[in-house]
Amino acid sequence: MEDHQQQQPPPAAPAPAAPPQYRGVRRRKWGKWVSEIRQPGTKVRVWLGSFDSAEAAAVAHDVAALCLRGPRDAQLNFPGSAGWLPRPASADPADIRAAAAEAAERVRREPALVAAEPPAGRLDLAVGGELDDDMESSPRLWTEMAEAMLLDPPKWGPDGSDGSEGSASQHWPEGSLWDAC
């Protein structure tokens with residue numbers, strides 16, 4: 001009996017890492033990264049520019065997406081960067097391109113702005129919330145929220161009322177909400 005041995009092909013060399021894929025970004029044959037976005041509800045595309053890095057092109061797309069689709073509907077490449085992105089003066093393509101170029105320039109100077117993802121579990125209030133700018137720009141608001149957590153609980157009488165008029169009907173069978181369980 002002949003022994004039929006199957007020859008196994010040599011292991012393939014690992015494929016080179018694929019360039020990052022970002023929404024609204026593609027690479028030209030000569031190495032530049034370009035970005036564009038479609039205006040909602042139309043077939044019209046807004047040209048955002050040509051950039052040296054994929055990240056710069058991606059952040060330019062994020063600026064345009066926020067402007068054209070709003071913070072609730074925009075699908076961003078870097079959701080954690082929405083707070084520092086420049087806002088276009090209007091929805092005019094020239095204004096969008098100018099703000100996109102400004103954002104790309106910031107990324108060129110400081111690549112760390114988009115290098116790391118936001119920490120896990122961080123609530124990004126800059127996108128999609130009614131609190132938007134107030135929460136990030138008002139240290140007083142944060143201080144007031146922290147102080148509110150330090151308030152003493154209301155005083156409850158023996159009948160479960162808080163002593164205010166018409167509160168005698170409130171009764172907590174297990175005692176106060178702040179009692180230890």
# chains A, B, ... in the order shown; residues from 1 in each chain; ligands from 1
$ residues_around --residues "A:Val63" --least-positions-apart "4" --cutoff "8 Å" --atoms "only C-alpha atoms" --output "list in words"
Val59, Cys67, Leu85, Pro86, Arg87, Pro88, Ile96, Ala99, Ala100 and Ala103 of chain A
$ write_last_selection --atoms "N, CA and C atoms" --output "PDB file, in the first residue's frame"
ATOM      1  N   VAL A  59     -12.435  63.435  10.598  1.00  0.00           N
ATOM      2  CA  VAL A  59     -12.941  64.489  11.477  1.00  0.00           C
ATOM      3  C   VAL A  59     -13.612  65.585  10.652  1.00  0.00           C
ATOM      4  N   CYS A  67     -23.335  69.234  11.223  1.00  0.00           N
ATOM      5  CA  CYS A  67     -24.005  70.407  10.659  1.00  0.00           C
ATOM      6  C   CYS A  67     -25.234  70.001   9.843  1.00  0.00           C
ATOM      7  N   LEU A  85     -15.219  70.022  18.127  1.00  0.00           N
ATOM      8  CA  LEU A  85     -15.304  70.290  16.695  1.00  0.00           C
ATOM      9  C   LEU A  85     -15.828  71.696  16.428  1.00  0.00           C
ATOM     10  N   PRO A  86     -15.242  72.395  15.455  1.00  0.00           N
ATOM     11  CA  PRO A  86     -15.765  73.719  15.103  1.00  0.00           C
ATOM     12  C   PRO A  86     -17.130  73.595  14.446  1.00  0.00           C
ATOM     13  N   ARG A  87     -17.948  74.586  14.643  1.00  0.00           N
ATOM     14  CA  ARG A  87     -19.289  74.609  14.047  1.00  0.00           C
ATOM     15  C   ARG A  87     -19.280  75.548  12.845  1.00  0.00           C
ATOM     16  N   PRO A  88     -19.784  75.093  11.695  1.00  0.00           N
ATOM     17  CA  PRO A  88     -19.861  75.980  10.535  1.00  0.00           C
ATOM     18  C   PRO A  88     -20.809  77.139  10.805  1.00  0.00           C
ATOM     19  N   ILE A  96     -19.173  74.891   5.558  1.00  0.00           N
ATOM     20  CA  ILE A  96     -18.901  73.539   6.054  1.00  0.00           C
ATOM     21  C   ILE A  96     -17.458  73.157   5.742  1.00  0.00           C
ATOM     22  N   ALA A  99     -15.019  74.956   8.154  1.00  0.00           N
ATOM     23  CA  ALA A  99     -14.999  74.357   9.490  1.00  0.00           C
ATOM     24  C   ALA A  99     -14.330  72.979   9.449  1.00  0.00           C
ATOM     25  N   ALA A 100     -14.569  72.225   8.383  1.00  0.00           N
ATOM     26  CA  ALA A 100     -13.949  70.905   8.228  1.00  0.00           C
ATOM     27  C   ALA A 100     -12.427  71.046   8.120  1.00  0.00           C
ATOM     28  N   ALA A 103     -10.982  71.767  11.570  1.00  0.00           N
ATOM     29  CA  ALA A 103     -10.926  70.557  12.395  1.00  0.00           C
ATOM     30  C   ALA A 103      -9.770  69.664  11.952  1.00  0.00           C
TER      31      ALA A 103
END
$ residues_around --residues "A:Ala94" --least-positions-apart "4" --cutoff "12 Å" --atoms "only C-alpha atoms" --output "list in words"
Val46, Trp47, Leu48, Gly49, Ala64, Pro88, Ala89, Ser90, Ala98, Ala99, Ala100 and Ala101 of chain A
$ closest_residue --among "A:Glu102, A:Pro93, A:Leu113, A:Ala54" --to "A:Ser81" --atoms "only C-alpha atoms"
A:Leu113
$ closest_residue --among "A:Arg28, A:Ala57, A:Leu150, A:Val114" --to "A:Gly83" --atoms "only C-alpha atoms"
A:Val114
$ residues_around --residues "A:Gln39" --least-positions-apart "3" --cutoff "10 Å" --atoms "only C-alpha atoms" --output "list in words"
Glu36, Thr42, Lys43, Val44, Arg45, Val46, Ala64, Ala65, Leu68, Arg69, Ala91 and Pro93 of chain A
$ atom_distance --atom1 "atom CA of A:Arg106" --atom2 "atom CA of A:Tyr22"
17.9 Å
$ closest_residue --among "A:Val107, A:Ala146, A:Arg97, A:Phe51" --to "A:Trp84" --atoms "only C-alpha atoms"
A:Val107
$ atom_distance --atom1 "atom CA of A:Asp92" --atom2 "atom CA of A:Gly70"
14.6 Å
$ residues_around --residues "A:Gly24" --least-positions-apart "3" --cutoff "7 Å" --atoms "only C-alpha atoms" --output "VMD selection string"
chain A and resid 35 to 37 58 61
$ write_last_selection --atoms "N, CA and C atoms" --output "mmCIF file, in the first residue's frame"
data_model
loop_
_atom_site.group_PDB
_atom_site.id
_atom_site.type_symbol
_atom_site.label_atom_id
_atom_site.label_comp_id
_atom_site.auth_asym_id
_atom_site.auth_seq_id
_atom_site.Cartn_x
_atom_site.Cartn_y
_atom_site.Cartn_z
ATOM 1 N N SER A 35 -12.544 63.420 1.568
ATOM 2 C CA SER A 35 -13.776 63.276 2.324
ATOM 3 C C SER A 35 -14.893 64.050 1.644
ATOM 4 N N GLU A 36 -16.071 63.453 1.657
ATOM 5 C CA GLU A 36 -17.271 64.116 1.156
ATOM 6 C C GLU A 36 -18.471 63.527 1.896
ATOM 7 N N ILE A 37 -19.583 64.229 1.802
ATOM 8 C CA ILE A 37 -20.798 63.789 2.484
ATOM 9 C C ILE A 37 -21.983 64.146 1.608
ATOM 10 N N ALA A 58 -11.580 62.052 8.310
ATOM 11 C CA ALA A 58 -12.715 61.547 9.089
ATOM 12 C C ALA A 58 -13.292 62.622 10.001
ATOM 13 N N HIS A 61 -15.360 64.960 8.017
ATOM 14 C CA HIS A 61 -16.687 64.368 7.783
ATOM 15 C C HIS A 61 -17.578 64.556 9.014
#
$ atom_distance --atom1 "atom CA of A:Leu66" --atom2 "atom CA of A:Gln21"
19.2 Å
$ closest_residue --among "A:Pro71, A:Glu110, A:Trp33, A:Phe78" --to "A:Ser53" --atoms "only C-alpha atoms"
A:Trp33
$ decode --residues "stretch 55-80 of chain A" --atoms "N, CA and C atoms" --output "PDB file, in the first residue's frame"
ATOM      1  N   GLU A  55      -7.477  60.206   9.486  1.00  0.00           N
ATOM      2  CA  GLU A  55      -8.125  60.796  10.663  1.00  0.00           C
ATOM      3  C   GLU A  55      -8.555  62.232  10.404  1.00  0.00           C
ATOM      4  N   ALA A  56      -7.727  62.985   9.699  1.00  0.00           N
ATOM      5  CA  ALA A  56      -8.092  64.371   9.379  1.00  0.00           C
ATOM      6  C   ALA A  56      -9.311  64.391   8.466  1.00  0.00           C
ATOM      7  N   ALA A  57      -9.355  63.492   7.484  1.00  0.00           N
ATOM      8  CA  ALA A  57     -10.512  63.418   6.597  1.00  0.00           C
ATOM      9  C   ALA A  57     -11.748  62.968   7.361  1.00  0.00           C
ATOM     10  N   ALA A  58     -11.580  62.052   8.310  1.00  0.00           N
ATOM     11  CA  ALA A  58     -12.715  61.547   9.089  1.00  0.00           C
ATOM     12  C   ALA A  58     -13.292  62.622  10.001  1.00  0.00           C
ATOM     13  N   VAL A  59     -12.435  63.435  10.598  1.00  0.00           N
ATOM     14  CA  VAL A  59     -12.941  64.489  11.477  1.00  0.00           C
ATOM     15  C   VAL A  59     -13.612  65.585  10.652  1.00  0.00           C
ATOM     16  N   ALA A  60     -13.141  65.796   9.430  1.00  0.00           N
ATOM     17  CA  ALA A  60     -13.812  66.748   8.538  1.00  0.00           C
ATOM     18  C   ALA A  60     -15.225  66.252   8.232  1.00  0.00           C
ATOM     19  N   HIS A  61     -15.360  64.960   8.017  1.00  0.00           N
ATOM     20  CA  HIS A  61     -16.687  64.368   7.783  1.00  0.00           C
ATOM     21  C   HIS A  61     -17.578  64.556   9.014  1.00  0.00           C
ATOM     22  N   ASP A  62     -17.008  64.387  10.207  1.00  0.00           N
ATOM     23  CA  ASP A  62     -17.788  64.551  11.437  1.00  0.00           C
ATOM     24  C   ASP A  62     -18.350  65.962  11.563  1.00  0.00           C
ATOM     25  N   VAL A  63     -17.545  66.971  11.210  1.00  0.00           N
ATOM     26  CA  VAL A  63     -18.007  68.368  11.256  1.00  0.00           C
ATOM     27  C   VAL A  63     -19.220  68.532  10.348  1.00  0.00           C
ATOM     28  N   ALA A  64     -19.110  68.010   9.122  1.00  0.00           N
ATOM     29  CA  ALA A  64     -20.204  68.143   8.157  1.00  0.00           C
ATOM     30  C   ALA A  64     -21.433  67.355   8.597  1.00  0.00           C
ATOM     31  N   ALA A  65     -21.233  66.167   9.146  1.00  0.00           N
ATOM     32  CA  ALA A  65     -22.364  65.346   9.590  1.00  0.00           C
ATOM     33  C   ALA A  65     -23.138  66.040  10.702  1.00  0.00           C
ATOM     34  N   LEU A  66     -22.424  66.628  11.650  1.00  0.00           N
ATOM     35  CA  LEU A  66     -23.106  67.357  12.728  1.00  0.00           C
ATOM     36  C   LEU A  66     -23.894  68.533  12.191  1.00  0.00           C
ATOM     37  N   CYS A  67     -23.335  69.234  11.223  1.00  0.00           N
ATOM     38  CA  CYS A  67     -24.005  70.407  10.659  1.00  0.00           C
ATOM     39  C   CYS A  67     -25.234  70.001   9.843  1.00  0.00           C
ATOM     40  N   LEU A  68     -25.082  68.992   8.994  1.00  0.00           N
ATOM     41  CA  LEU A  68     -26.161  68.632   8.079  1.00  0.00           C
ATOM     42  C   LEU A  68     -27.228  67.733   8.701  1.00  0.00           C
ATOM     43  N   ARG A  69     -26.832  66.891   9.645  1.00  0.00           N
ATOM     44  CA  ARG A  69     -27.776  65.920  10.201  1.00  0.00           C
ATOM     45  C   ARG A  69     -28.165  66.220  11.642  1.00  0.00           C
ATOM     46  N   GLY A  70     -27.409  67.064  12.308  1.00  0.00           N
ATOM     47  CA  GLY A  70     -27.711  67.396  13.696  1.00  0.00           C
ATOM     48  C   GLY A  70     -27.089  66.387  14.641  1.00  0.00           C
ATOM     49  N   PRO A  71     -26.984  66.746  15.920  1.00  0.00           N
ATOM     50  CA  PRO A  71     -26.305  65.879  16.884  1.00  0.00           C
ATOM     51  C   PRO A  71     -27.017  64.558  17.142  1.00  0.00           C
ATOM     52  N   ARG A  72     -28.312  64.493  16.935  1.00  0.00           N
ATOM     53  CA  ARG A  72     -29.032  63.236  17.193  1.00  0.00           C
ATOM     54  C   ARG A  72     -28.873  62.227  16.060  1.00  0.00           C
ATOM     55  N   ASP A  73     -28.826  62.681  14.822  1.00  0.00           N
ATOM     56  CA  ASP A  73     -28.814  61.779  13.680  1.00  0.00           C
ATOM     57  C   ASP A  73     -27.446  61.585  13.046  1.00  0.00           C
ATOM     58  N   ALA A  74     -26.479  62.370  13.406  1.00  0.00           N
ATOM     59  CA  ALA A  74     -25.146  62.260  12.795  1.00  0.00           C
ATOM     60  C   ALA A  74     -24.473  60.980  13.254  1.00  0.00           C
ATOM     61  N   GLN A  75     -23.916  60.261  12.301  1.00  0.00           N
ATOM     62  CA  GLN A  75     -23.113  59.089  12.620  1.00  0.00           C
ATOM     63  C   GLN A  75     -21.660  59.511  12.493  1.00  0.00           C
ATOM     64  N   LEU A  76     -20.992  59.588  13.627  1.00  0.00           N
ATOM     65  CA  LEU A  76     -19.653  60.165  13.678  1.00  0.00           C
ATOM     66  C   LEU A  76     -18.568  59.095  13.682  1.00  0.00           C
ATOM     67  N   ASN A  77     -17.439  59.436  13.104  1.00  0.00           N
ATOM     68  CA  ASN A  77     -16.263  58.574  13.163  1.00  0.00           C
ATOM     69  C   ASN A  77     -15.630  58.618  14.545  1.00  0.00           C
ATOM     70  N   PHE A  78     -15.668  59.790  15.169  1.00  0.00           N
ATOM     71  CA  PHE A  78     -15.092  59.992  16.493  1.00  0.00           C
ATOM     72  C   PHE A  78     -16.125  60.657  17.393  1.00  0.00           C
ATOM     73  N   PRO A  79     -17.041  59.884  17.967  1.00  0.00           N
ATOM     74  CA  PRO A  79     -18.092  60.492  18.795  1.00  0.00           C
ATOM     75  C   PRO A  79     -17.540  61.299  19.969  1.00  0.00           C
ATOM     76  N   GLY A  80     -16.412  60.909  20.501  1.00  0.00           N
ATOM     77  CA  GLY A  80     -15.833  61.623  21.636  1.00  0.00           C
ATOM     78  C   GLY A  80     -15.276  62.985  21.278  1.00  0.00           C
TER      79      GLY A  80
END
